[in-house]
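A.B. asks: File name my_file12.cif; file contents mmCIF, N, CA and C atoms; full text below.
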data_protein
#
loop_
_atom_site.label_atom_id
_atom_site.label_comp_id
_atom_site.auth_asym_id
_atom_site.auth_seq_id
_atom_site.Cartn_x
_atom_site.Cartn_y
_atom_site.Cartn_z
N MET L 49 94.62 28.17 127.26
CA MET L 49 95.76 27.29 127.29
C MET L 49 95.38 25.85 126.91
N ILE L 50 94.23 25.40 127.39
CA ILE L 50 93.81 24.03 127.12
C ILE L 50 93.56 23.81 125.63
N LYS L 51 93.00 24.80 124.97
CA LYS L 51 92.71 24.68 123.53
C LYS L 51 94.01 24.59 122.73
N ILE L 52 95.00 25.36 123.12
CA ILE L 52 96.28 25.34 122.42
C ILE L 52 96.95 23.98 122.57
N ILE L 53 96.92 23.44 123.77
CA ILE L 53 97.56 22.14 124.02
C ILE L 53 96.82 21.02 123.28
N LEU L 54 95.49 21.01 123.36
CA LEU L 54 94.72 19.93 122.75
C LEU L 54 94.77 19.94 121.23
N THR L 55 95.10 21.06 120.63
CA THR L 55 95.18 21.12 119.17
C THR L 55 96.59 20.92 118.65
N SER L 56 97.57 20.76 119.53
CA SER L 56 98.93 20.58 119.06
C SER L 56 99.19 19.11 118.69
N LYS L 57 99.96 18.93 117.63
CA LYS L 57 100.29 17.59 117.15
C LYS L 57 101.19 16.87 118.15
N ARG L 58 102.08 17.58 118.77
CA ARG L 58 103.01 17.00 119.73
C ARG L 58 102.27 16.38 120.92
N TYR L 59 101.20 17.01 121.35
CA TYR L 59 100.40 16.48 122.45
C TYR L 59 99.82 15.12 122.09
N TRP L 60 99.26 14.98 120.91
CA TRP L 60 98.61 13.73 120.53
C TRP L 60 99.63 12.62 120.29
N ILE L 61 100.81 12.96 119.83
CA ILE L 61 101.87 11.96 119.70
C ILE L 61 102.30 11.48 121.08
N THR L 62 102.40 12.40 122.03
CA THR L 62 102.73 12.04 123.40
C THR L 62 101.64 11.15 123.99
N VAL L 63 100.38 11.49 123.76
CA VAL L 63 99.26 10.67 124.25
C VAL L 63 99.35 9.26 123.69
N LEU L 64 99.64 9.14 122.42
CA LEU L 64 99.73 7.84 121.78
C LEU L 64 100.83 6.98 122.40
N PHE L 65 102.02 7.55 122.53
CA PHE L 65 103.14 6.78 123.07
C PHE L 65 102.96 6.45 124.56
N LEU L 66 102.48 7.40 125.34
CA LEU L 66 102.23 7.13 126.75
C LEU L 66 101.13 6.09 126.93
N GLY L 67 100.08 6.19 126.14
CA GLY L 67 98.98 5.23 126.21
C GLY L 67 99.42 3.84 125.81
N LEU L 68 100.20 3.73 124.76
CA LEU L 68 100.69 2.43 124.31
C LEU L 68 101.62 1.81 125.36
N GLY L 69 102.51 2.61 125.90
CA GLY L 69 103.41 2.12 126.95
C GLY L 69 102.64 1.67 128.18
N PHE L 70 101.62 2.43 128.56
CA PHE L 70 100.79 2.08 129.71
C PHE L 70 100.06 0.76 129.46
N CYS L 71 99.50 0.60 128.27
CA CYS L 71 98.78 -0.64 127.93
C CYS L 71 99.70 -1.86 128.04
N ILE L 72 100.88 -1.75 127.49
CA ILE L 72 101.81 -2.87 127.52
C ILE L 72 102.25 -3.18 128.94
N LEU L 73 102.62 -2.15 129.68
CA LEU L 73 103.10 -2.35 131.05
C LEU L 73 102.01 -2.95 131.94
N ILE L 74 100.83 -2.40 131.89
CA ILE L 74 99.73 -2.90 132.73
C ILE L 74 99.35 -4.31 132.32
N SER L 75 99.34 -4.61 131.04
CA SER L 75 98.98 -5.95 130.58
C SER L 75 99.99 -6.99 131.07
N VAL L 76 101.27 -6.67 131.00
CA VAL L 76 102.31 -7.60 131.45
C VAL L 76 102.22 -7.80 132.96
N VAL L 77 102.09 -6.72 133.71
CA VAL L 77 102.01 -6.82 135.17
C VAL L 77 100.77 -7.61 135.58
N GLU L 78 99.63 -7.31 134.97
CA GLU L 78 98.41 -8.03 135.30
C GLU L 78 98.52 -9.51 134.96
N HIS L 79 99.13 -9.82 133.82
CA HIS L 79 99.29 -11.21 133.41
C HIS L 79 100.16 -11.97 134.41
N ILE L 80 101.26 -11.40 134.81
CA ILE L 80 102.16 -12.06 135.77
C ILE L 80 101.47 -12.24 137.12
N MET L 81 100.72 -11.24 137.55
CA MET L 81 100.04 -11.36 138.84
C MET L 81 98.89 -12.38 138.79
N GLN L 82 98.16 -12.41 137.69
CA GLN L 82 97.00 -13.29 137.58
C GLN L 82 97.39 -14.75 137.39
N TYR L 83 98.40 -15.00 136.57
CA TYR L 83 98.79 -16.38 136.24
C TYR L 83 100.05 -16.83 136.97
N LYS L 84 100.55 -16.04 137.89
CA LYS L 84 101.75 -16.37 138.67
C LYS L 84 102.95 -16.67 137.77
N GLY L 85 103.10 -15.86 136.74
CA GLY L 85 104.18 -16.04 135.77
C GLY L 85 103.63 -15.89 134.36
N ILE L 86 104.39 -16.39 133.41
CA ILE L 86 103.97 -16.32 132.01
C ILE L 86 103.27 -17.63 131.64
N ASN L 87 102.00 -17.54 131.31
CA ASN L 87 101.21 -18.71 130.94
C ASN L 87 100.34 -18.32 129.76
N VAL L 88 100.90 -18.42 128.57
CA VAL L 88 100.21 -17.99 127.36
C VAL L 88 98.99 -18.85 127.06
N ALA L 89 99.08 -20.15 127.31
CA ALA L 89 97.96 -21.05 127.02
C ALA L 89 96.73 -20.69 127.86
N ALA L 90 96.92 -20.43 129.13
CA ALA L 90 95.79 -20.06 129.99
C ALA L 90 95.22 -18.70 129.58
N PHE L 91 96.08 -17.78 129.20
CA PHE L 91 95.62 -16.47 128.74
C PHE L 91 94.78 -16.61 127.48
N MET L 92 95.26 -17.39 126.54
CA MET L 92 94.52 -17.58 125.28
C MET L 92 93.16 -18.23 125.53
N THR L 93 93.14 -19.20 126.42
CA THR L 93 91.87 -19.88 126.73
C THR L 93 90.89 -18.93 127.40
N GLU L 94 91.37 -18.19 128.37
CA GLU L 94 90.48 -17.33 129.15
C GLU L 94 90.04 -16.08 128.41
N LYS L 95 90.95 -15.40 127.77
CA LYS L 95 90.62 -14.10 127.15
C LYS L 95 90.21 -14.22 125.68
N ILE L 96 90.83 -15.09 124.93
CA ILE L 96 90.58 -15.15 123.48
C ILE L 96 89.51 -16.19 123.13
N ALA L 97 89.67 -17.41 123.59
CA ALA L 97 88.77 -18.49 123.20
C ALA L 97 87.36 -18.30 123.75
N GLU L 98 87.22 -17.70 124.88
CA GLU L 98 85.88 -17.50 125.45
C GLU L 98 85.19 -16.26 124.89
N GLY L 99 85.81 -15.58 123.95
CA GLY L 99 85.18 -14.45 123.28
C GLY L 99 85.23 -13.14 124.04
N ARG L 100 86.07 -13.05 125.04
CA ARG L 100 86.18 -11.81 125.82
C ARG L 100 87.32 -10.92 125.33
N TRP L 101 87.87 -11.21 124.17
CA TRP L 101 89.00 -10.44 123.68
C TRP L 101 88.63 -9.01 123.33
N MET L 102 87.42 -8.77 122.85
CA MET L 102 87.02 -7.40 122.50
C MET L 102 86.92 -6.53 123.75
N ARG L 103 86.37 -7.07 124.80
CA ARG L 103 86.28 -6.35 126.06
C ARG L 103 87.67 -6.07 126.63
N TYR L 104 88.54 -7.08 126.56
CA TYR L 104 89.92 -6.94 127.04
C TYR L 104 90.66 -5.86 126.26
N LEU L 105 90.57 -5.92 124.95
CA LEU L 105 91.25 -4.95 124.10
C LEU L 105 90.68 -3.54 124.28
N ALA L 106 89.37 -3.43 124.35
CA ALA L 106 88.74 -2.12 124.53
C ALA L 106 89.13 -1.49 125.86
N SER L 107 89.18 -2.30 126.91
CA SER L 107 89.56 -1.76 128.22
C SER L 107 91.00 -1.27 128.21
N ARG L 108 91.87 -1.98 127.51
CA ARG L 108 93.28 -1.55 127.42
C ARG L 108 93.41 -0.25 126.64
N ILE L 109 92.70 -0.15 125.54
CA ILE L 109 92.80 1.05 124.70
C ILE L 109 92.22 2.27 125.42
N VAL L 110 91.05 2.12 126.01
CA VAL L 110 90.42 3.25 126.73
C VAL L 110 91.27 3.67 127.92
N GLY L 111 91.71 2.71 128.70
CA GLY L 111 92.54 3.03 129.86
C GLY L 111 93.85 3.68 129.47
N GLY L 112 94.47 3.18 128.42
CA GLY L 112 95.72 3.76 127.95
C GLY L 112 95.56 5.17 127.43
N MET L 113 94.49 5.42 126.70
CA MET L 113 94.27 6.76 126.17
C MET L 113 93.91 7.76 127.27
N ILE L 114 93.18 7.33 128.27
CA ILE L 114 92.88 8.22 129.40
C ILE L 114 94.15 8.56 130.14
N TYR L 115 94.96 7.55 130.44
CA TYR L 115 96.23 7.79 131.11
C TYR L 115 97.13 8.68 130.26
N GLY L 116 97.25 8.37 128.98
CA GLY L 116 98.09 9.15 128.08
C GLY L 116 97.61 10.59 127.96
N GLY L 117 96.29 10.79 127.92
CA GLY L 117 95.74 12.14 127.82
C GLY L 117 96.04 12.97 129.04
N ILE L 118 95.86 12.39 130.21
CA ILE L 118 96.12 13.14 131.45
C ILE L 118 97.60 13.44 131.60
N MET L 119 98.43 12.43 131.41
CA MET L 119 99.87 12.65 131.58
C MET L 119 100.44 13.53 130.47
N GLY L 120 99.95 13.35 129.26
CA GLY L 120 100.41 14.20 128.15
C GLY L 120 100.06 15.66 128.37
N TYR L 121 98.86 15.91 128.86
CA TYR L 121 98.45 17.29 129.15
C TYR L 121 99.33 17.89 130.24
N TYR L 122 99.56 17.11 131.29
CA TYR L 122 100.40 17.59 132.39
C TYR L 122 101.82 17.90 131.89
N MET L 123 102.37 17.05 131.06
CA MET L 123 103.73 17.28 130.55
C MET L 123 103.79 18.50 129.64
N GLU L 124 102.82 18.65 128.76
CA GLU L 124 102.80 19.81 127.85
C GLU L 124 102.60 21.11 128.63
N LEU L 125 101.72 21.07 129.63
CA LEU L 125 101.48 22.27 130.45
C LEU L 125 102.76 22.67 131.18
N ARG L 126 103.46 21.69 131.71
CA ARG L 126 104.72 21.96 132.42
C ARG L 126 105.76 22.55 131.48
N LYS L 127 105.86 22.03 130.26
CA LYS L 127 106.82 22.55 129.27
C LYS L 127 106.48 24.00 128.91
N ARG L 128 105.21 24.27 128.70
CA ARG L 128 104.81 25.64 128.31
C ARG L 128 105.02 26.62 129.45
N LYS L 129 104.77 26.21 130.69
CA LYS L 129 104.99 27.10 131.82
C LYS L 129 106.48 27.36 132.04
N ALA L 130 107.33 26.38 131.74
CA ALA L 130 108.77 26.55 131.90
C ALA L 130 109.33 27.51 130.87
N LYS L 131 108.71 27.60 129.69
CA LYS L 131 109.18 28.49 128.63
C LYS L 131 108.84 29.95 128.92
N ARG L 132 107.88 30.21 129.80
CA ARG L 132 107.47 31.59 130.07
C ARG L 132 108.53 32.35 130.75
#
What is this file in structure tokens?

C.D. replies:
Amino acid sequence: MIKIILTSKRYWITVLFLGLGFCILISVVEHIMQYKGINVAAFMTEKIAEGRWMRYLASRIVGGMIYGGIMGYYMELRKRKAKR
């Protein structure tokens, strides 16, 4: 079952969209909690100007893809079991 799900195109599209949504949502929530609102200047200084943007971006992409992979697999498995 795992091989069938991991090789389906629909699974990877789901992973992409779930991961992207997770990245955006977590980034916005973290930004608001860290800066007590929207503060683009402080974000740019701390994350971009100090050269930590690659680490920031990599952590978002990896975290999003892990979340998307787990949730996408769970959703596809549930759909396939419901069709039986």

A.B. asks: Report, as JSON, the centre and edge lengths in Å (one decimal) of the axis-aligned box enclosing every listed atom of region 67-75 of chain L, padded by 4 Å on each side.

C.D. replies:
{"center_x": 101.1, "center_y": -0.4, "center_z": 128.5, "size_x": 12.6, "size_y": 21.2, "size_z": 16.4}

A.B. asks: Taking the DSSP assignment computed from this structure's backbone, write out as a VMD selection string all residues of chain L that belong to alpha helix (DSSP H).

C.D. replies: chain L and resid 50 to 54 57 to 83 88 to 91 101 to 131

A.B. asks: Which residues of region 102-127 of chain L come within 8 Å of region 63-72 of chain L, and what is each one's closest atom pair and distance in Å (one decimal), counting all atoms listed in the file, sorted by chain and residue number, as CSV?

C.D. replies:
residue,atom,partner,partner_atom,distance
L:Ser107,C,L:Cys71,CA,7.8
L:Arg108,C,L:Cys71,CA,5.5
L:Ile109,N,L:Cys71,CA,6.6
L:Gly111,C,L:Gly67,CA,6.3
L:Gly112,C,L:Gly67,CA,3.6
L:Met113,N,L:Gly67,CA,4.5
L:Ile114,N,L:Gly67,CA,6.5
L:Tyr115,C,L:Gly67,CA,5.6
L:Gly116,CA,L:Gly67,N,4.1
L:Gly117,N,L:Val63,CA,4.7
L:Ile118,N,L:Val63,CA,7.1
L:Met119,C,L:Val63,CA,6.9
L:Gly120,CA,L:Val63,N,5.2
L:Tyr121,N,L:Val63,N,6.9

A.B. asks: Output N, CA and C atoms for every residue in that selection, as a PDB file, in the frame of the given file.

C.D. replies:
ATOM      1  N   SER L 107      89.180  -2.300 126.910  1.00  0.00           N
ATOM      2  CA  SER L 107      89.560  -1.760 128.220  1.00  0.00           C
ATOM      3  C   SER L 107      91.000  -1.270 128.210  1.00  0.00           C
ATOM      4  N   ARG L 108      91.870  -1.980 127.510  1.00  0.00           N
ATOM      5  CA  ARG L 108      93.280  -1.550 127.420  1.00  0.00           C
ATOM      6  C   ARG L 108      93.410  -0.250 126.640  1.00  0.00           C
ATOM      7  N   ILE L 109      92.700  -0.150 125.540  1.00  0.00           N
ATOM      8  CA  ILE L 109      92.800   1.050 124.700  1.00  0.00           C
ATOM      9  C   ILE L 109      92.220   2.270 125.420  1.00  0.00           C
ATOM     10  N   GLY L 111      91.710   2.710 128.700  1.00  0.00           N
ATOM     11  CA  GLY L 111      92.540   3.030 129.860  1.00  0.00           C
ATOM     12  C   GLY L 111      93.850   3.680 129.470  1.00  0.00           C
ATOM     13  N   GLY L 112      94.470   3.180 128.420  1.00  0.00           N
ATOM     14  CA  GLY L 112      95.720   3.760 127.950  1.00  0.00           C
ATOM     15  C   GLY L 112      95.560   5.170 127.430  1.00  0.00           C
ATOM     16  N   MET L 113      94.490   5.420 126.700  1.00  0.00           N
ATOM     17  CA  MET L 113      94.270   6.760 126.170  1.00  0.00           C
ATOM     18  C   MET L 113      93.910   7.760 127.270  1.00  0.00           C
ATOM     19  N   ILE L 114      93.180   7.330 128.270  1.00  0.00           N
ATOM     20  CA  ILE L 114      92.880   8.220 129.400  1.00  0.00           C
ATOM     21  C   ILE L 114      94.150   8.560 130.140  1.00  0.00           C
ATOM     22  N   TYR L 115      94.960   7.550 130.440  1.00  0.00           N
ATOM     23  CA  TYR L 115      96.230   7.790 131.110  1.00  0.00           C
ATOM     24  C   TYR L 115      97.130   8.680 130.260  1.00  0.00           C
ATOM     25  N   GLY L 116      97.250   8.370 128.980  1.00  0.00           N
ATOM     26  CA  GLY L 116      98.090   9.150 128.080  1.00  0.00           C
ATOM     27  C   GLY L 116      97.610  10.590 127.960  1.00  0.00           C
ATOM     28  N   GLY L 117      96.290  10.790 127.920  1.00  0.00           N
ATOM     29  CA  GLY L 117      95.740  12.140 127.820  1.00  0.00           C
ATOM     30  C   GLY L 117      96.040  12.970 129.040  1.00  0.00           C
ATOM     31  N   ILE L 118      95.860  12.390 130.210  1.00  0.00           N
ATOM     32  CA  ILE L 118      96.120  13.140 131.450  1.00  0.00           C
ATOM     33  C   ILE L 118      97.600  13.440 131.600  1.00  0.00           C
ATOM     34  N   MET L 119      98.430  12.430 131.410  1.00  0.00           N
ATOM     35  CA  MET L 119      99.870  12.650 131.580  1.00  0.00           C
ATOM     36  C   MET L 119     100.440  13.530 130.470  1.00  0.00           C
ATOM     37  N   GLY L 120      99.950  13.350 129.260  1.00  0.00           N
ATOM     38  CA  GLY L 120     100.410  14.200 128.150  1.00  0.00           C
ATOM     39  C   GLY L 120     100.060  15.660 128.370  1.00  0.00           C
ATOM     40  N   TYR L 121      98.860  15.910 128.860  1.00  0.00           N
ATOM     41  CA  TYR L 121      98.450  17.290 129.150  1.00  0.00           C
ATOM     42  C   TYR L 121      99.330  17.890 130.240  1.00  0.00           C
TER      43      TYR L 121
END

A.B. asks: Calculate how many Å separate CA of Ala90 (chain L) from CA of Ile74 (chain L), rounding to one decimal.

C.D. replies: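 Separation of CA of Ala90 (chain L) and CA of Ile74 (chain L): 17.8 Å.
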
A.B. asks: Any idea what the distance is between atom N of Ile52 (chain L) and atom C of Ala130 (chain L)?

C.D. replies: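 Calculated distance between atom N of Ile52 (chain L) and atom C of Ala130 (chain L) is 16.4 Å.
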
A.B. asks: My list of candidates is L:Tyr83, L:Val77, L:Leu125, L:Leu105. Which is closest to Leu54 (chain L) when distances are computed with only C-alpha atoms?

C.D. replies: L:Leu125

A.B. asks: To one decimal place in Å, what is the distance between CA of Ile80 (chain L) and CA of Ile61 (chain L)?

C.D. replies: 28.9 Å

A.B. asks: Using only C-alpha atoms, can you tell me which of L:Arg100, L:Glu124, L:Arg132, L:Ser75 comes closest to Thr55 (chain L)?

C.D. replies: L:Glu124
